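Structure first, then comments.
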Amino acid sequence: MFYTTACYLYSPSPEKTRDFLLEVLGFELVEENPVPLLSNGSLCLRLARGDMPAVLELQCSNLEQDAGQLLQHPNIEKRTEIVHMHDYLEQHLYCSDIGMTLILNQPLSEDDRDELVALPTTLPWQEGLIEKAQYILRATPLAFREKARENMVQQAEYKAVEEGGLEVLEPHVMQAFVQVTPPFQHQTLYEAMKAQGIDADQYLDEKVWSETP
Amino acid sequence: MIPRLWHIMTTLMLMLKLRLSKSEASKQKVEKALAKKLAKGRGLPMKVGQIMAGMDDNHALQQLTQSVEPLPLDQVKKVLSQAWGKSLSEVLQGIDESHAAASLGQVHRAVLCSGETVAIKMQYPDIEKAIQAELSLAGMMPRGGPVKRWDFNLDAYKSSLKINMQQELNYLHEMKAQQRFGQQLDVQGLSVPKVFPQWCRSNVLVQAWVEGERLAQVATSWSQLERLSIGKTLMQIMFQSLFQHGLVHGDPHPGNYLYQKAKQGALVHLLDYGCMVEVSKKQRMALLQLILTSRGEMNIDPLEGFVAVGFDALKLQGIEKKLPALMQIIFRPFILQHALKLQDWHPAEEVDSLLGQQKWLFRAAGPADLFLLMRVFQGLVLQLKTLQTVLPWWPILEQSLHHDFLQEVKNTQIVKSVIIPQFQGSASKLHVCIEQPNKADVHFELPAGSALDLASLIPSSAYGVITQQNIDIQAITEQLHQKGLHSSTLLDIYDGDKRYHIYLR
């Protein structure tokens, strides 16, 4: 059993590269000798002198903002504009004083991609219902959406079988949505249902939140 | 008798070879040879093949369930005429060549004088004698390995096999079971073919002719809704017959099911009621209570529940603490509040990881007829997997039962306090260890009381060295009876560099 622990990064000026990694990219110095070892918690780099062009890939949560901050550094320049790939954004920057290329990328969420993610169904659903459910799911914050999607489908299909059927109908799905959504988000859910032309009053009582101070 | 004995012996050898086959190519080769041999044998060997086909998704063996060389029609006509005590023309307008030949008999399509199209199942002449002889060979069933180590009640298994085979040989018994099953079950989509009692004899069964497609065709060419409908019907048949009525169709091999598209969903024609499993009310209520306990809807003691199902308390005692976790594995499809993808459910591996070698203790503790029920259950799982249907089990179980029955189960005290025989002494576990250089050690634990039957626990490979060293096992056992079960070494011997170490702790 073994683990890969670090890779070597060659640069004509390891000292400058070290400073850049520590001051700009948030690395920490783990050890100085015999070859400097830097880590940011997920990537370990040893810095050595050499002429090979160094390339680092950086994942951003907001590429435009992150690139803007990096470009304020006097020796960093833009090599490409932001390019929109299928499921991520990418931009290349160059640090002229240390000869290093930075590839910045930002993964795109299903909302960024304007994509309706398939539901993990195992039963047939009433025509048009899957699409409505996909749109209603967009009201769920991204961080919780995948789990909400799975739970809602399981609950809706369970209800359909519980009622003796094998096809999922609108009430099964809407009741499942209510069940898997925390009460403080019921108002948002109510509005998302209405936006899909569903009589949300059948499943949620508007008075509950409208009367809450 | 000698050729049949030879046939059985060579068949057993092939089965062993199949188990030991490592590559897929050699496995397939052995499977084909085995299927051929089993088909040639009719009777018990073919029955074994059908059992294997029912439990495994095995193409060669599944072909066996649908094809055997039939007897010529002339011979069949003689047997039928003799059975009815009439000339054939007095009963039938016509009869076709054999439609299907199986382990004990073959099936012909015919038209009665009254105009109904029927299926006539005729038993092979002399098959009863052959089966009786084969059953007497059941004494040759292996007694080594886990059978011996975990004290399987082999006699109960043999007796269960014998009773089932004898029932299968009597088509009047089958006719009654078929009638009873059809009358009792109320499952949408189930079709139990009508029997014609006036033409049924102990070796002839006459029932309405039904047509339909096989599971493999359904799985590949029917719509999702139709497959789901079939899956639900199969589950309801199993749940209602097991839990509500205690009379289960015990032969789940694919040849016994025909599927037909109907206006409302689909029809399952269930055939062959020769092998039925009867489950007492106490057993099925206890089984339901164990499931309800696993779901958190009841709270019975797991050990007492299993004992009420028919398990041996003393053997279960060794794994008592693991029973709740075991129930979460084996009853999982009933526990989850959503559908379980059966492809993701691997109970055998999970039980293995939970119990290790003690899984044999659990199996040995179970009643003999549980084997047949397990086979039915595995058959259902295999069918649902083939149909690619994912359905939640609990609501379908609830719909399969009368509401009053589930209430009765919840309100009835079935389980009783189990009194486990207590042995004098401080030891709680018996350890059996076999150590050998360059080989993995064998080490298993048993309840301390097992030491009182020490002779049955000693591996057969150790007999030689025990004799050589004049070790008196009988005397060791007598001492345990007299002085009680305390921490001590009962046996610590070497056969070359192989060590057998049996001790109490």
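In the structure tokens, the first chain shown is A, the next is B, and so on; residue numbers restart at 1 for each chain, and ligands run from 1 in the order shown.
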(message) I'd like to know which residues of segment 45-173 of chain A are strand (DSSP E or B) (by DSSP, run on the backbone); could you write them as a VMD selection string?
(response) chain A and resid 45 to 49 54 to 59 76 to 78 83 to 84 88 to 95 100 to 107 125 168
(message) When you look at Pro36 of chain A with a cut-off of 8 Å (counting only C-alpha atoms), what residues show up, excluding the ones that are within fewer than 3 positions of it in the same chain? I need them as a ChimeraX atom specification.
(response) /A:29-33,46-48
(message) At a cut-off of 9 Å, using only C-alpha atoms, what residues contact segment 171-179 of chain A? Leave out same-chain residues fewer than 6 positions from it and give the result as a PyMOL selection string.
(response) chain A and resi 129+133+136-137+148+151-160+186+189+193+198+200+202-204
Residues of chain B that have any atom at most 7 Å from an atom of chain A: could you tabulate them with the shortest-distance atom pair and the distance in Å to one decimal, using only C-alpha atoms, ordered by chain and increasing number, as JSON lines?
{"residue": "B:Leu225", "atom": "CA", "partner": "A:Pro124", "partner_atom": "CA", "distance": 6.9}
{"residue": "B:His338", "atom": "CA", "partner": "A:Gln154", "partner_atom": "CA", "distance": 5.5}
{"residue": "B:Val390", "atom": "CA", "partner": "A:Thr122", "partner_atom": "CA", "distance": 6.0}
{"residue": "B:Pro392", "atom": "CA", "partner": "A:Tyr158", "partner_atom": "CA", "distance": 6.4}
{"residue": "B:Pro395", "atom": "CA", "partner": "A:Glu162", "partner_atom": "CA", "distance": 5.0}
(message) Residues within 8 Å of Leu119 of chain A, please, as number ranges by chain. Count only C-alpha atoms; anything in the same chain fewer than 2 positions from it doesn't count.
(response) A: 117, 121, 130, 134, 149-150, 153
(message) What's the separation between atom CA of Gln167 of chain B and atom CA of His99 of chain B, in Å to one decimal place?
(response)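 Going from atom CA of Gln167 of chain B over to atom CA of His99 of chain B, I get 23.5 Å.
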Residues near Pro252 of chain B, cut-off 8 Å, only C-alpha atoms, skip fewer than 3 positions along chain, as a compact mmCIF listing (two decimals) with all heavy atoms, in the first residue's frame:
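This went into result_35.txt:
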# COMPACT_ATOMS: atom_id res chain seq x y z
N GLY B 54 -34.31 -22.77 -10.98
CA GLY B 54 -35.19 -21.83 -10.31
C GLY B 54 -34.42 -20.86 -9.45
O GLY B 54 -34.84 -19.74 -9.22
N HIS B 249 -47.12 -21.81 -3.53
CA HIS B 249 -46.66 -22.55 -4.72
C HIS B 249 -45.15 -22.68 -4.59
O HIS B 249 -44.43 -21.68 -4.57
CB HIS B 249 -47.04 -21.75 -5.97
CG HIS B 249 -46.73 -22.44 -7.25
ND1 HIS B 249 -45.47 -22.50 -7.76
CD2 HIS B 249 -47.52 -23.12 -8.11
CE1 HIS B 249 -45.50 -23.18 -8.90
NE2 HIS B 249 -46.74 -23.56 -9.13
N ASN B 256 -43.08 -22.78 -15.10
CA ASN B 256 -44.40 -22.85 -14.46
C ASN B 256 -45.20 -21.54 -14.57
O ASN B 256 -46.26 -21.42 -13.94
CB ASN B 256 -44.26 -23.21 -12.98
CG ASN B 256 -43.92 -24.68 -12.82
OD1 ASN B 256 -44.16 -25.46 -13.73
ND2 ASN B 256 -43.37 -25.05 -11.68
N ARG B 375 -36.41 -20.90 -1.46
CA ARG B 375 -36.36 -21.12 -2.91
C ARG B 375 -37.45 -20.30 -3.61
O ARG B 375 -37.24 -19.69 -4.65
CB ARG B 375 -36.55 -22.61 -3.17
CG ARG B 375 -36.02 -23.08 -4.46
CD ARG B 375 -36.35 -24.54 -4.63
NE ARG B 375 -36.90 -24.74 -5.93
CZ ARG B 375 -37.85 -25.58 -6.23
NH1 ARG B 375 -38.38 -26.33 -5.29
NH2 ARG B 375 -38.27 -25.72 -7.45
N VAL B 376 -38.64 -20.29 -3.01
CA VAL B 376 -39.76 -19.54 -3.58
C VAL B 376 -39.43 -18.04 -3.57
O VAL B 376 -39.64 -17.33 -4.55
CB VAL B 376 -41.05 -19.80 -2.76
CG1 VAL B 376 -42.19 -18.97 -3.31
CG2 VAL B 376 -41.41 -21.27 -2.78
N GLY B 379 -36.93 -17.23 -6.08
CA GLY B 379 -37.57 -17.27 -7.39
C GLY B 379 -38.27 -15.95 -7.69
O GLY B 379 -38.15 -15.40 -8.78
N LEU B 380 -38.97 -15.41 -6.69
CA LEU B 380 -39.68 -14.13 -6.87
C LEU B 380 -38.67 -13.01 -7.16
O LEU B 380 -38.86 -12.21 -8.09
CB LEU B 380 -40.49 -13.80 -5.60
CG LEU B 380 -41.14 -12.43 -5.58
CD1 LEU B 380 -42.26 -12.33 -6.61
CD2 LEU B 380 -41.70 -12.09 -4.19
(request) Provide the atom CA of Leu185 of chain B to atom CA of Gln289 of chain B distance in Å, to one decimal place. (result)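 Interatomic distance here is 22.0 Å.
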Excluding His86 of chain A and its own-chain neighbours fewer than 6 positions away, which residues fall within 12 Å of it when counting only C-alpha atoms? Please give them as a PDB file with all heavy atoms, in the first residue's frame.
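Written file, selection_20.pdb:
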ATOM      1  N   GLN A 106     -14.564  27.022 -13.719  1.00  0.00           N
ATOM      2  CA  GLN A 106     -15.708  27.073 -12.810  1.00  0.00           C
ATOM      3  C   GLN A 106     -16.774  26.079 -13.300  1.00  0.00           C
ATOM      4  O   GLN A 106     -17.314  26.258 -14.399  1.00  0.00           O
ATOM      5  CB  GLN A 106     -16.300  28.493 -12.781  1.00  0.00           C
ATOM      6  CG  GLN A 106     -17.511  28.603 -11.870  1.00  0.00           C
ATOM      7  CD  GLN A 106     -18.272  29.915 -12.063  1.00  0.00           C
ATOM      8  OE1 GLN A 106     -17.690  30.927 -12.474  1.00  0.00           O
ATOM      9  NE2 GLN A 106     -19.552  29.890 -11.783  1.00  0.00           N
ATOM     10  N   PRO A 107     -17.048  25.004 -12.491  1.00  0.00           N
ATOM     11  CA  PRO A 107     -18.090  24.072 -12.924  1.00  0.00           C
ATOM     12  C   PRO A 107     -19.437  24.774 -12.945  1.00  0.00           C
ATOM     13  O   PRO A 107     -19.712  25.631 -12.101  1.00  0.00           O
ATOM     14  CB  PRO A 107     -18.086  22.982 -11.845  1.00  0.00           C
ATOM     15  CG  PRO A 107     -16.922  23.250 -10.977  1.00  0.00           C
ATOM     16  CD  PRO A 107     -16.505  24.659 -11.170  1.00  0.00           C
ATOM     17  N   LEU A 108     -20.255  24.433 -13.910  1.00  0.00           N
ATOM     18  CA  LEU A 108     -21.572  25.075 -14.025  1.00  0.00           C
ATOM     19  C   LEU A 108     -22.643  24.170 -13.393  1.00  0.00           C
ATOM     20  O   LEU A 108     -22.642  22.958 -13.611  1.00  0.00           O
ATOM     21  CB  LEU A 108     -21.909  25.308 -15.492  1.00  0.00           C
ATOM     22  CG  LEU A 108     -21.010  26.339 -16.195  1.00  0.00           C
ATOM     23  CD1 LEU A 108     -21.345  26.387 -17.680  1.00  0.00           C
ATOM     24  CD2 LEU A 108     -21.176  27.716 -15.575  1.00  0.00           C
ATOM     25  N   SER A 109     -23.496  24.760 -12.621  1.00  0.00           N
ATOM     26  CA  SER A 109     -24.576  23.988 -11.998  1.00  0.00           C
ATOM     27  C   SER A 109     -25.670  23.737 -13.032  1.00  0.00           C
ATOM     28  O   SER A 109     -25.662  24.299 -14.122  1.00  0.00           O
ATOM     29  CB  SER A 109     -25.167  24.769 -10.833  1.00  0.00           C
ATOM     30  OG  SER A 109     -25.887  25.869 -11.339  1.00  0.00           O
ATOM     31  N   GLU A 110     -26.653  22.891 -12.646  1.00  0.00           N
ATOM     32  CA  GLU A 110     -27.760  22.620 -13.569  1.00  0.00           C
ATOM     33  C   GLU A 110     -28.513  23.908 -13.895  1.00  0.00           C
ATOM     34  O   GLU A 110     -29.038  24.056 -14.999  1.00  0.00           O
ATOM     35  CB  GLU A 110     -28.702  21.554 -12.971  1.00  0.00           C
ATOM     36  CG  GLU A 110     -29.240  21.915 -11.596  1.00  0.00           C
ATOM     37  CD  GLU A 110     -30.047  20.788 -10.968  1.00  0.00           C
ATOM     38  OE1 GLU A 110     -29.427  19.863 -10.441  1.00  0.00           O
ATOM     39  OE2 GLU A 110     -31.285  20.863 -10.980  1.00  0.00           O
ATOM     40  N   ASP A 112     -27.079  27.001 -13.991  1.00  0.00           N
ATOM     41  CA  ASP A 112     -26.236  27.754 -14.933  1.00  0.00           C
ATOM     42  C   ASP A 112     -26.398  27.198 -16.340  1.00  0.00           C
ATOM     43  O   ASP A 112     -26.369  27.939 -17.320  1.00  0.00           O
ATOM     44  CB  ASP A 112     -24.754  27.624 -14.544  1.00  0.00           C
ATOM     45  CG  ASP A 112     -24.442  28.269 -13.197  1.00  0.00           C
ATOM     46  OD1 ASP A 112     -25.125  29.235 -12.859  1.00  0.00           O
ATOM     47  OD2 ASP A 112     -23.545  27.756 -12.490  1.00  0.00           O
ATOM     48  N   ARG A 113     -26.516  25.878 -16.388  1.00  0.00           N
ATOM     49  CA  ARG A 113     -26.608  25.230 -17.716  1.00  0.00           C
ATOM     50  C   ARG A 113     -28.031  25.297 -18.257  1.00  0.00           C
ATOM     51  O   ARG A 113     -28.292  24.844 -19.361  1.00  0.00           O
ATOM     52  CB  ARG A 113     -26.183  23.765 -17.604  1.00  0.00           C
ATOM     53  CG  ARG A 113     -24.761  23.564 -17.165  1.00  0.00           C
ATOM     54  CD  ARG A 113     -24.297  22.157 -17.452  1.00  0.00           C
ATOM     55  NE  ARG A 113     -25.104  21.136 -16.812  1.00  0.00           N
ATOM     56  CZ  ARG A 113     -24.841  20.590 -15.629  1.00  0.00           C
ATOM     57  NH1 ARG A 113     -23.769  20.977 -14.958  1.00  0.00           N
ATOM     58  NH2 ARG A 113     -25.607  19.667 -15.133  1.00  0.00           N
ATOM     59  N   ASP A 114     -28.952  25.799 -17.423  1.00  0.00           N
ATOM     60  CA  ASP A 114     -30.371  25.864 -17.769  1.00  0.00           C
ATOM     61  C   ASP A 114     -30.866  24.475 -18.211  1.00  0.00           C
ATOM     62  O   ASP A 114     -31.531  24.317 -19.223  1.00  0.00           O
ATOM     63  CB  ASP A 114     -30.608  26.897 -18.881  1.00  0.00           C
ATOM     64  CG  ASP A 114     -32.086  27.271 -18.969  1.00  0.00           C
ATOM     65  OD1 ASP A 114     -32.790  27.088 -17.950  1.00  0.00           O
ATOM     66  OD2 ASP A 114     -32.530  27.704 -20.033  1.00  0.00           O
ATOM     67  N   GLU A 115     -30.492  23.510 -17.391  1.00  0.00           N
ATOM     68  CA  GLU A 115     -30.769  22.118 -17.756  1.00  0.00           C
ATOM     69  C   GLU A 115     -31.772  21.523 -16.778  1.00  0.00           C
ATOM     70  O   GLU A 115     -31.680  21.753 -15.571  1.00  0.00           O
ATOM     71  CB  GLU A 115     -29.450  21.341 -17.686  1.00  0.00           C
ATOM     72  CG  GLU A 115     -29.528  19.922 -18.154  1.00  0.00           C
ATOM     73  CD  GLU A 115     -28.142  19.269 -18.081  1.00  0.00           C
ATOM     74  OE1 GLU A 115     -27.256  19.689 -18.818  1.00  0.00           O
ATOM     75  OE2 GLU A 115     -27.975  18.348 -17.252  1.00  0.00           O
TER      76      GLU A 115
END
